[in-house]
Number of protein chains: 2
Amino acid sequence: MIPKIVVDDKINEIKKPWSPIVIARVNDQVIRLAMFKGTYPFHKHDNEDELFYVLRGSIIIQIEKSHQKLVLNQGEMAVIPKGKKHSPTSEEESYVLMFEPAALKSSGD
Amino acid sequence: MIPKIVVDDKINEIKKPWSPIVIARVNDQVIRLAMFKGTYPFHKHDNEDELFYVLRGSIIIQIEKSHQKLVLNQGEMAVIPKGKKHSPTSEEESYVLMFEPAALKSSGD
């Protein structure tokens with residue numbers, strides 16, 4: 001039997017921020033779900049784009065160099081291209097889906 | 001500037017069923033959005049898993065051989081493994097995100 005994934009149930013499993021859980025695997029990609037609250041430091045992924053899709057709440061992704069502040073509200077998504085340093089912030093508890101390669105690695109400053 | 005994608009705006013662009021539009025590219029994958037209404041015939045993807053995520057409405061994916069009828073309501077997702085023949089149905093207009101390789105190919109009976 002092919003299982004279904006109830007995203008709200010997965011949201012309820014998450015108790016702390018910045019600790020993504022894998023909710024699905026598709027080909028060599030994973031769907032991660034995380035609570036964002038506060039600010040996560042600048043980092044980049046050298047070889048992989050990263051998609052953020054806000055399910056609940058509202059986040060701001062700061063982009064280094066361009067100084068862009070990308071505001072993503074519920075129902076909005078954006079792709080951070082590989083190599084771009086970014087730092088996400090959320091004042092409230094926000095819940096965000098991330099689509100990215102299973103082998104994703106981060107590097108900081 | 002990194003653009004943001006407002007999923008509701010994309011939903012409003014869609015006027016006919018079974019005609020996915022690409023709303024984002026991330027690595028070698030695409031995020032497609034489609035309206036499902038009626039029944040799409042059985043088909044399979046030989047080399048790629050396919051993820052369905054229901055944003056609005058409710059769909060049933062029939063799986064060949066197992067005769068499973070996978071009901072996905074709003075906020076629910078499932079991954080159809082490569083090679084599995086499946087046929088999605090929606091009585092009403094449903095809107096579904098699909099996450100799959102950019103090179104996805106289908107084959108029918």
# chains A, B, ... in the order shown; residues from 1 in each chain; ligands from 1
$ calpha_fit_and_write --fixed "chain B" --moving "chain A" --output "mmCIF file with N, CA and C atoms, in the first residue's frame"
data_model
loop_
_atom_site.group_PDB
_atom_site.id
_atom_site.type_symbol
_atom_site.label_atom_id
_atom_site.label_comp_id
_atom_site.auth_asym_id
_atom_site.auth_seq_id
_atom_site.Cartn_x
_atom_site.Cartn_y
_atom_site.Cartn_z
ATOM 1 N N MET A 1 17.507 39.945 -8.204
ATOM 2 C CA MET A 1 16.502 39.699 -7.155
ATOM 3 C C MET A 1 15.915 38.296 -7.322
ATOM 4 N N ILE A 2 15.805 37.611 -6.234
ATOM 5 C CA ILE A 2 15.179 36.289 -6.269
ATOM 6 C C ILE A 2 13.655 36.481 -6.224
ATOM 7 N N PRO A 3 12.948 35.973 -7.212
ATOM 8 C CA PRO A 3 11.492 36.196 -7.225
ATOM 9 C C PRO A 3 10.783 35.269 -6.251
ATOM 10 N N LYS A 4 9.598 35.696 -5.804
ATOM 11 C CA LYS A 4 8.798 34.743 -5.041
ATOM 12 C C LYS A 4 7.629 34.280 -5.882
ATOM 13 N N ILE A 5 7.153 33.115 -5.552
ATOM 14 C CA ILE A 5 6.080 32.476 -6.305
ATOM 15 C C ILE A 5 4.858 32.427 -5.382
ATOM 16 N N VAL A 6 3.805 33.095 -5.819
ATOM 17 C CA VAL A 6 2.578 33.128 -5.024
ATOM 18 C C VAL A 6 1.668 32.028 -5.570
ATOM 19 N N VAL A 7 1.541 30.966 -4.826
ATOM 20 C CA VAL A 7 0.887 29.773 -5.373
ATOM 21 C C VAL A 7 -0.575 30.050 -5.731
ATOM 22 N N ASP A 8 -1.268 30.842 -4.923
ATOM 23 C CA ASP A 8 -2.672 31.159 -5.248
ATOM 24 C C ASP A 8 -2.788 31.891 -6.592
ATOM 25 N N ASP A 9 -1.823 32.757 -6.877
ATOM 26 C CA ASP A 9 -1.850 33.451 -8.178
ATOM 27 C C ASP A 9 -1.693 32.445 -9.312
ATOM 28 N N LYS A 10 -0.832 31.470 -9.107
ATOM 29 C CA LYS A 10 -0.621 30.443 -10.132
ATOM 30 C C LYS A 10 -1.884 29.601 -10.324
ATOM 31 N N ILE A 11 -2.553 29.303 -9.219
ATOM 32 C CA ILE A 11 -3.819 28.560 -9.312
ATOM 33 C C ILE A 11 -4.810 29.333 -10.180
ATOM 34 N N ASN A 12 -4.833 30.646 -9.990
ATOM 35 C CA ASN A 12 -5.787 31.459 -10.749
ATOM 36 C C ASN A 12 -5.467 31.536 -12.237
ATOM 37 N N GLU A 13 -4.225 31.223 -12.593
ATOM 38 C CA GLU A 13 -3.842 31.229 -14.016
ATOM 39 C C GLU A 13 -4.353 29.998 -14.754
ATOM 40 N N ILE A 14 -4.698 28.965 -14.004
ATOM 41 C CA ILE A 14 -5.030 27.678 -14.630
ATOM 42 C C ILE A 14 -6.510 27.643 -14.994
ATOM 43 N N LYS A 15 -6.776 27.390 -16.274
ATOM 44 C CA LYS A 15 -8.160 27.433 -16.740
ATOM 45 C C LYS A 15 -8.680 26.064 -17.152
ATOM 46 N N LYS A 16 -7.801 25.103 -17.367
ATOM 47 C CA LYS A 16 -8.310 23.803 -17.811
ATOM 48 C C LYS A 16 -7.574 22.662 -17.108
ATOM 49 N N PRO A 17 -8.260 21.521 -16.980
ATOM 50 C CA PRO A 17 -7.685 20.405 -16.225
ATOM 51 C C PRO A 17 -6.579 19.689 -16.995
ATOM 52 N N TRP A 18 -5.756 18.980 -16.235
ATOM 53 C CA TRP A 18 -4.725 18.086 -16.795
ATOM 54 C C TRP A 18 -3.732 18.810 -17.693
ATOM 55 N N SER A 19 -3.467 20.071 -17.371
ATOM 56 C CA SER A 19 -2.508 20.856 -18.154
ATOM 57 C C SER A 19 -1.538 21.541 -17.199
ATOM 58 N N PRO A 20 -0.604 20.760 -16.673
ATOM 59 C CA PRO A 20 0.285 21.305 -15.637
ATOM 60 C C PRO A 20 1.111 22.487 -16.137
ATOM 61 N N ILE A 21 1.318 23.447 -15.249
ATOM 62 C CA ILE A 21 2.266 24.524 -15.523
ATOM 63 C C ILE A 21 3.439 24.375 -14.556
ATOM 64 N N VAL A 22 4.615 24.714 -15.034
ATOM 65 C CA VAL A 22 5.810 24.678 -14.180
ATOM 66 C C VAL A 22 5.850 25.966 -13.378
ATOM 67 N N ILE A 23 5.857 25.854 -12.054
ATOM 68 C CA ILE A 23 5.901 27.085 -11.250
ATOM 69 C C ILE A 23 7.270 27.319 -10.624
ATOM 70 N N ALA A 24 8.115 26.295 -10.585
ATOM 71 C CA ALA A 24 9.472 26.486 -10.044
ATOM 72 C C ALA A 24 10.383 25.386 -10.553
ATOM 73 N N ARG A 25 11.658 25.718 -10.652
ATOM 74 C CA ARG A 25 12.698 24.747 -10.979
ATOM 75 C C ARG A 25 13.691 24.746 -9.847
ATOM 76 N N VAL A 26 14.082 23.564 -9.421
ATOM 77 C CA VAL A 26 15.048 23.464 -8.327
ATOM 78 C C VAL A 26 15.943 22.268 -8.637
ATOM 79 N N ASN A 27 17.218 22.551 -8.853
ATOM 80 C CA ASN A 27 18.147 21.529 -9.316
ATOM 81 C C ASN A 27 17.602 20.931 -10.621
ATOM 82 N N ASP A 28 17.544 19.642 -10.737
ATOM 83 C CA ASP A 28 17.038 19.053 -11.986
ATOM 84 C C ASP A 28 15.571 18.647 -11.853
ATOM 85 N N GLN A 29 14.882 19.267 -10.891
ATOM 86 C CA GLN A 29 13.484 18.942 -10.646
ATOM 87 C C GLN A 29 12.600 20.136 -10.997
ATOM 88 N N VAL A 30 11.339 19.844 -11.243
ATOM 89 C CA VAL A 30 10.380 20.928 -11.417
ATOM 90 C C VAL A 30 9.202 20.736 -10.464
ATOM 91 N N ILE A 31 8.600 21.858 -10.115
ATOM 92 C CA ILE A 31 7.348 21.856 -9.372
ATOM 93 C C ILE A 31 6.285 22.208 -10.390
ATOM 94 N N ARG A 32 5.365 21.291 -10.597
ATOM 95 C CA ARG A 32 4.273 21.547 -11.516
ATOM 96 C C ARG A 32 2.990 21.723 -10.713
ATOM 97 N N LEU A 33 2.092 22.536 -11.275
ATOM 98 C CA LEU A 33 0.792 22.753 -10.645
ATOM 99 C C LEU A 33 -0.256 22.442 -11.695
ATOM 100 N N ALA A 34 -1.264 21.672 -11.318
ATOM 101 C CA ALA A 34 -2.320 21.331 -12.280
ATOM 102 C C ALA A 34 -3.678 21.319 -11.605
ATOM 103 N N MET A 35 -4.688 21.590 -12.438
ATOM 104 C CA MET A 35 -6.057 21.330 -12.013
ATOM 105 C C MET A 35 -6.398 19.893 -12.402
ATOM 106 N N PHE A 36 -6.961 19.160 -11.464
ATOM 107 C CA PHE A 36 -7.458 17.810 -11.740
ATOM 108 C C PHE A 36 -8.985 17.900 -11.750
ATOM 109 N N LYS A 37 -9.589 17.390 -12.790
ATOM 110 C CA LYS A 37 -11.060 17.309 -12.818
ATOM 111 C C LYS A 37 -11.437 16.212 -13.790
ATOM 112 N N GLY A 38 -12.245 15.270 -13.309
ATOM 113 C CA GLY A 38 -12.523 14.087 -14.120
ATOM 114 C C GLY A 38 -11.457 13.037 -13.848
ATOM 115 N N THR A 39 -11.238 12.173 -14.819
ATOM 116 C CA THR A 39 -10.284 11.061 -14.635
ATOM 117 C C THR A 39 -9.205 11.114 -15.702
ATOM 118 N N TYR A 40 -7.971 10.933 -15.265
ATOM 119 C CA TYR A 40 -6.836 10.839 -16.204
ATOM 120 C C TYR A 40 -6.495 9.364 -16.350
ATOM 121 N N PRO A 41 -6.274 8.881 -17.568
ATOM 122 C CA PRO A 41 -6.111 7.429 -17.752
ATOM 123 C C PRO A 41 -4.867 6.851 -17.061
ATOM 124 N N PHE A 42 -4.870 5.552 -16.893
ATOM 125 C CA PHE A 42 -3.719 4.866 -16.303
ATOM 126 C C PHE A 42 -2.467 5.127 -17.131
ATOM 127 N N HIS A 43 -1.384 5.385 -16.438
ATOM 128 C CA HIS A 43 -0.076 5.582 -17.080
ATOM 129 C C HIS A 43 0.975 5.346 -16.018
ATOM 130 N N LYS A 44 2.209 5.274 -16.454
ATOM 131 C CA LYS A 44 3.300 5.140 -15.486
ATOM 132 C C LYS A 44 4.500 5.942 -15.956
ATOM 133 N N HIS A 45 5.415 6.138 -15.023
ATOM 134 C CA HIS A 45 6.695 6.790 -15.327
ATOM 135 C C HIS A 45 7.758 5.747 -15.023
ATOM 136 N N ASP A 46 8.461 5.321 -16.055
ATOM 137 C CA ASP A 46 9.347 4.166 -15.874
ATOM 138 C C ASP A 46 10.508 4.438 -14.925
ATOM 139 N N ASN A 47 10.981 5.670 -14.920
ATOM 140 C CA ASN A 47 12.232 5.933 -14.204
ATOM 141 C C ASN A 47 12.114 6.943 -13.072
ATOM 142 N N GLU A 48 10.922 7.470 -12.875
ATOM 143 C CA GLU A 48 10.814 8.551 -11.898
ATOM 144 C C GLU A 48 9.639 8.339 -10.958
ATOM 145 N N ASP A 49 9.902 8.553 -9.665
ATOM 146 C CA ASP A 49 8.815 8.681 -8.700
ATOM 147 C C ASP A 49 8.109 10.014 -8.950
ATOM 148 N N GLU A 50 6.863 10.078 -8.506
ATOM 149 C CA GLU A 50 6.104 11.318 -8.685
ATOM 150 C C GLU A 50 5.377 11.639 -7.386
ATOM 151 N N LEU A 51 5.554 12.863 -6.923
ATOM 152 C CA LEU A 51 4.883 13.265 -5.688
ATOM 153 C C LEU A 51 3.675 14.133 -6.012
ATOM 154 N N PHE A 52 2.551 13.817 -5.388
ATOM 155 C CA PHE A 52 1.326 14.604 -5.522
ATOM 156 C C PHE A 52 1.018 15.245 -4.170
ATOM 157 N N TYR A 53 0.748 16.541 -4.191
ATOM 158 C CA TYR A 53 0.441 17.262 -2.954
ATOM 159 C C TYR A 53 -0.820 18.093 -3.233
ATOM 160 N N VAL A 54 -1.900 17.747 -2.567
ATOM 161 C CA VAL A 54 -3.190 18.383 -2.847
ATOM 162 C C VAL A 54 -3.298 19.713 -2.092
ATOM 163 N N LEU A 55 -3.408 20.798 -2.842
ATOM 164 C CA LEU A 55 -3.528 22.130 -2.244
ATOM 165 C C LEU A 55 -4.982 22.528 -2.024
ATOM 166 N N ARG A 56 -5.835 22.134 -2.954
ATOM 167 C CA ARG A 56 -7.270 22.425 -2.836
ATOM 168 C C ARG A 56 -8.032 21.245 -3.384
ATOM 169 N N GLY A 57 -9.121 20.884 -2.713
ATOM 170 C CA GLY A 57 -9.964 19.818 -3.210
ATOM 171 C C GLY A 57 -9.557 18.473 -2.658
ATOM 172 N N SER A 58 -9.814 17.448 -3.425
ATOM 173 C CA SER A 58 -9.644 16.071 -2.960
ATOM 174 C C SER A 58 -9.540 15.189 -4.193
ATOM 175 N N ILE A 59 -8.567 14.292 -4.226
ATOM 176 C CA ILE A 59 -8.394 13.418 -5.391
ATOM 177 C C ILE A 59 -8.334 11.955 -4.957
ATOM 178 N N ILE A 60 -8.562 11.090 -5.909
ATOM 179 C CA ILE A 60 -8.386 9.651 -5.672
ATOM 180 C C ILE A 60 -7.384 9.165 -6.721
ATOM 181 N N ILE A 61 -6.336 8.491 -6.266
ATOM 182 C CA ILE A 61 -5.382 7.902 -7.207
ATOM 183 C C ILE A 61 -5.572 6.390 -7.169
ATOM 184 N N GLN A 62 -6.034 5.845 -8.286
ATOM 185 C CA GLN A 62 -6.153 4.389 -8.368
ATOM 186 C C GLN A 62 -4.807 3.806 -8.764
ATOM 187 N N ILE A 63 -4.447 2.722 -8.080
ATOM 188 C CA ILE A 63 -3.175 2.065 -8.326
ATOM 189 C C ILE A 63 -3.475 0.701 -8.945
ATOM 190 N N GLU A 64 -2.868 0.433 -10.080
ATOM 191 C CA GLU A 64 -3.127 -0.831 -10.761
ATOM 192 C C GLU A 64 -2.526 -1.985 -9.975
ATOM 193 N N LYS A 65 -3.076 -3.135 -10.178
ATOM 194 C CA LYS A 65 -2.671 -4.394 -9.540
ATOM 195 C C LYS A 65 -3.087 -4.445 -8.070
ATOM 196 N N SER A 66 -2.612 -3.508 -7.249
ATOM 197 C CA SER A 66 -2.996 -3.563 -5.833
ATOM 198 C C SER A 66 -4.456 -3.168 -5.666
ATOM 199 N N HIS A 67 -5.030 -2.522 -6.665
ATOM 200 C CA HIS A 67 -6.395 -2.001 -6.590
ATOM 201 C C HIS A 67 -6.588 -1.010 -5.451
ATOM 202 N N GLN A 68 -5.480 -0.486 -4.964
ATOM 203 C CA GLN A 68 -5.592 0.549 -3.932
ATOM 204 C C GLN A 68 -6.256 1.797 -4.519
ATOM 205 N N LYS A 69 -7.128 2.396 -3.716
ATOM 206 C CA LYS A 69 -7.660 3.711 -4.062
ATOM 207 C C LYS A 69 -7.160 4.681 -3.010
ATOM 208 N N LEU A 70 -6.190 5.449 -3.405
ATOM 209 C CA LEU A 70 -5.510 6.342 -2.481
ATOM 210 C C LEU A 70 -6.260 7.676 -2.493
ATOM 211 N N VAL A 71 -6.919 7.984 -1.388
ATOM 212 C CA VAL A 71 -7.666 9.246 -1.298
ATOM 213 C C VAL A 71 -6.764 10.308 -0.686
ATOM 214 N N LEU A 72 -6.584 11.388 -1.394
ATOM 215 C CA LEU A 72 -5.768 12.496 -0.884
ATOM 216 C C LEU A 72 -6.630 13.743 -0.776
ATOM 217 N N ASN A 73 -6.796 14.197 0.444
ATOM 218 C CA ASN A 73 -7.539 15.428 0.680
ATOM 219 C C ASN A 73 -6.588 16.616 0.749
ATOM 220 N N GLN A 74 -7.152 17.786 0.821
ATOM 221 C CA GLN A 74 -6.342 19.004 0.923
ATOM 222 C C GLN A 74 -5.302 18.875 2.036
ATOM 223 N N GLY A 75 -4.056 19.206 1.731
ATOM 224 C CA GLY A 75 -2.996 19.138 2.733
ATOM 225 C C GLY A 75 -2.346 17.764 2.835
ATOM 226 N N GLU A 76 -2.690 16.866 1.930
ATOM 227 C CA GLU A 76 -2.125 15.513 1.983
ATOM 228 C C GLU A 76 -1.294 15.246 0.725
ATOM 229 N N MET A 77 -0.277 14.438 0.888
ATOM 230 C CA MET A 77 0.588 14.103 -0.250
ATOM 231 C C MET A 77 0.895 12.618 -0.274
ATOM 232 N N ALA A 78 1.362 12.147 -1.430
ATOM 233 C CA ALA A 78 1.810 10.760 -1.558
ATOM 234 C C ALA A 78 2.807 10.687 -2.706
ATOM 235 N N VAL A 79 3.679 9.697 -2.622
ATOM 236 C CA VAL A 79 4.669 9.461 -3.667
ATOM 237 C C VAL A 79 4.286 8.186 -4.408
ATOM 238 N N ILE A 80 4.088 8.308 -5.712
ATOM 239 C CA ILE A 80 3.827 7.133 -6.540
ATOM 240 C C ILE A 80 5.181 6.628 -7.048
ATOM 241 N N PRO A 81 5.581 5.426 -6.643
ATOM 242 C CA PRO A 81 6.906 4.945 -7.056
ATOM 243 C C PRO A 81 6.972 4.739 -8.563
ATOM 244 N N LYS A 82 8.168 4.899 -9.095
ATOM 245 C CA LYS A 82 8.364 4.687 -10.531
ATOM 246 C C LYS A 82 7.872 3.313 -10.935
ATOM 247 N N GLY A 83 7.327 3.252 -12.150
ATOM 248 C CA GLY A 83 6.877 1.975 -12.686
ATOM 249 C C GLY A 83 5.472 1.570 -12.289
ATOM 250 N N LYS A 84 4.863 2.257 -11.303
ATOM 251 C CA LYS A 84 3.510 1.883 -10.843
ATOM 252 C C LYS A 84 2.471 2.601 -11.690
ATOM 253 N N LYS A 85 1.629 1.827 -12.342
ATOM 254 C CA LYS A 85 0.556 2.455 -13.124
ATOM 255 C C LYS A 85 -0.475 3.069 -12.195
ATOM 256 N N HIS A 86 -0.861 4.294 -12.516
ATOM 257 C CA HIS A 86 -1.801 5.007 -11.657
ATOM 258 C C HIS A 86 -2.719 5.871 -12.501
ATOM 259 N N SER A 87 -3.889 6.129 -11.946
ATOM 260 C CA SER A 87 -4.899 6.931 -12.635
ATOM 261 C C SER A 87 -5.565 7.847 -11.614
ATOM 262 N N PRO A 88 -5.327 9.146 -11.721
ATOM 263 C CA PRO A 88 -5.953 10.083 -10.785
ATOM 264 C C PRO A 88 -7.351 10.536 -11.234
ATOM 265 N N THR A 89 -8.189 10.764 -10.256
ATOM 266 C CA THR A 89 -9.561 11.235 -10.486
ATOM 267 C C THR A 89 -9.877 12.353 -9.499
ATOM 268 N N SER A 90 -10.638 13.326 -9.975
ATOM 269 C CA SER A 90 -11.173 14.322 -9.059
ATOM 270 C C SER A 90 -12.574 14.681 -9.515
ATOM 271 N N GLU A 91 -13.526 14.610 -8.622
ATOM 272 C CA GLU A 91 -14.900 14.968 -9.006
ATOM 273 C C GLU A 91 -15.046 16.461 -9.201
ATOM 274 N N GLU A 92 -14.542 17.196 -8.223
ATOM 275 C CA GLU A 92 -14.580 18.655 -8.314
ATOM 276 C C GLU A 92 -13.269 19.140 -8.951
ATOM 277 N N GLU A 93 -13.098 20.437 -9.049
ATOM 278 C CA GLU A 93 -11.801 20.978 -9.467
ATOM 279 C C GLU A 93 -10.852 20.910 -8.278
ATOM 280 N N SER A 94 -9.796 20.140 -8.427
ATOM 281 C CA SER A 94 -8.774 20.109 -7.376
ATOM 282 C C SER A 94 -7.478 20.661 -7.948
ATOM 283 N N TYR A 95 -6.663 21.214 -7.064
ATOM 284 C CA TYR A 95 -5.378 21.789 -7.487
ATOM 285 C C TYR A 95 -4.263 21.050 -6.766
ATOM 286 N N VAL A 96 -3.321 20.572 -7.569
ATOM 287 C CA VAL A 96 -2.335 19.627 -7.067
ATOM 288 C C VAL A 96 -0.932 20.064 -7.492
ATOM 289 N N LEU A 97 -0.024 20.095 -6.518
ATOM 290 C CA LEU A 97 1.391 20.289 -6.832
ATOM 291 C C LEU A 97 2.019 18.941 -7.121
ATOM 292 N N MET A 98 2.875 18.886 -8.130
ATOM 293 C CA MET A 98 3.622 17.674 -8.440
ATOM 294 C C MET A 98 5.107 17.989 -8.432
ATOM 295 N N PHE A 99 5.866 17.162 -7.750
ATOM 296 C CA PHE A 99 7.323 17.333 -7.686
ATOM 297 C C PHE A 99 7.918 16.191 -8.477
ATOM 298 N N GLU A 100 8.686 16.487 -9.476
ATOM 299 C CA GLU A 100 9.183 15.416 -10.327
ATOM 300 C C GLU A 100 10.369 15.903 -11.137
ATOM 301 N N PRO A 101 11.140 14.974 -11.696
ATOM 302 C CA PRO A 101 12.284 15.388 -12.499
ATOM 303 C C PRO A 101 11.835 16.203 -13.712
ATOM 304 N N ALA A 102 12.661 17.161 -14.103
ATOM 305 C CA ALA A 102 12.342 17.990 -15.268
ATOM 306 C C ALA A 102 12.164 17.129 -16.514
ATOM 307 N N ALA A 103 12.833 15.989 -16.531
ATOM 308 C CA ALA A 103 12.842 15.137 -17.727
ATOM 309 C C ALA A 103 11.754 14.064 -17.712
ATOM 310 N N LEU A 104 10.754 14.245 -16.832
ATOM 311 C CA LEU A 104 9.725 13.219 -16.686
ATOM 312 C C LEU A 104 9.071 12.820 -18.015
ATOM 313 N N LYS A 105 8.987 11.536 -18.210
ATOM 314 C CA LYS A 105 8.247 11.021 -19.368
ATOM 315 C C LYS A 105 7.198 10.034 -18.877
ATOM 316 N N SER A 106 6.045 10.038 -19.565
ATOM 317 C CA SER A 106 4.967 9.115 -19.210
ATOM 318 C C SER A 106 4.855 8.037 -20.270
ATOM 319 N N SER A 107 4.345 6.891 -19.877
ATOM 320 C CA SER A 107 3.957 5.915 -20.885
ATOM 321 C C SER A 107 2.623 5.310 -20.498
ATOM 322 N N GLY A 108 1.781 5.122 -21.466
ATOM 323 C CA GLY A 108 0.430 4.625 -21.203
ATOM 324 C C GLY A 108 0.361 3.127 -21.371
ATOM 325 N N ASP A 109 -0.773 2.647 -21.836
ATOM 326 C CA ASP A 109 -0.949 1.194 -21.917
ATOM 327 C C ASP A 109 -0.288 0.610 -23.145
#
$ select_by_dssp --residues "chain A" --states "helix (DSSP H, G or I)" --output "number ranges by chain"
A: 7-13
$ write_last_selection --atoms "N, CA and C atoms" --output "PDB file, in the first residue's frame"
ATOM      1  N   VAL A   7       0.155  16.398   6.052  1.00  0.00           N
ATOM      2  CA  VAL A   7       1.154  17.413   6.404  1.00  0.00           C
ATOM      3  C   VAL A   7       0.849  18.050   7.762  1.00  0.00           C
ATOM      4  N   ASP A   8      -0.423  18.276   8.066  1.00  0.00           N
ATOM      5  CA  ASP A   8      -0.762  18.861   9.377  1.00  0.00           C
ATOM      6  C   ASP A   8      -0.311  17.955  10.532  1.00  0.00           C
ATOM      7  N   ASP A   9      -0.423  16.647  10.334  1.00  0.00           N
ATOM      8  CA  ASP A   9       0.045  15.725  11.385  1.00  0.00           C
ATOM      9  C   ASP A   9       1.550  15.871  11.579  1.00  0.00           C
ATOM     10  N   LYS A  10       2.263  16.031  10.483  1.00  0.00           N
ATOM     11  CA  LYS A  10       3.717  16.196  10.565  1.00  0.00           C
ATOM     12  C   LYS A  10       4.076  17.506  11.269  1.00  0.00           C
ATOM     13  N   ILE A  11       3.309  18.547  10.977  1.00  0.00           N
ATOM     14  CA  ILE A  11       3.532  19.830  11.661  1.00  0.00           C
ATOM     15  C   ILE A  11       3.389  19.644  13.170  1.00  0.00           C
ATOM     16  N   ASN A  12       2.392  18.859  13.558  1.00  0.00           N
ATOM     17  CA  ASN A  12       2.156  18.662  14.990  1.00  0.00           C
ATOM     18  C   ASN A  12       3.249  17.854  15.678  1.00  0.00           C
ATOM     19  N   GLU A  13       4.028  17.120  14.890  1.00  0.00           N
ATOM     20  CA  GLU A  13       5.138  16.342  15.468  1.00  0.00           C
ATOM     21  C   GLU A  13       6.334  17.218  15.818  1.00  0.00           C
TER      22      GLU A  13
END
$ select_by_dssp --residues "chain A" --states "strand (DSSP E or B)" --output "PyMOL selection string"
chain A and resi 5-6+17+21-26+29-39+43-44+50-56+58-63+69-73+76-80+86-101+107
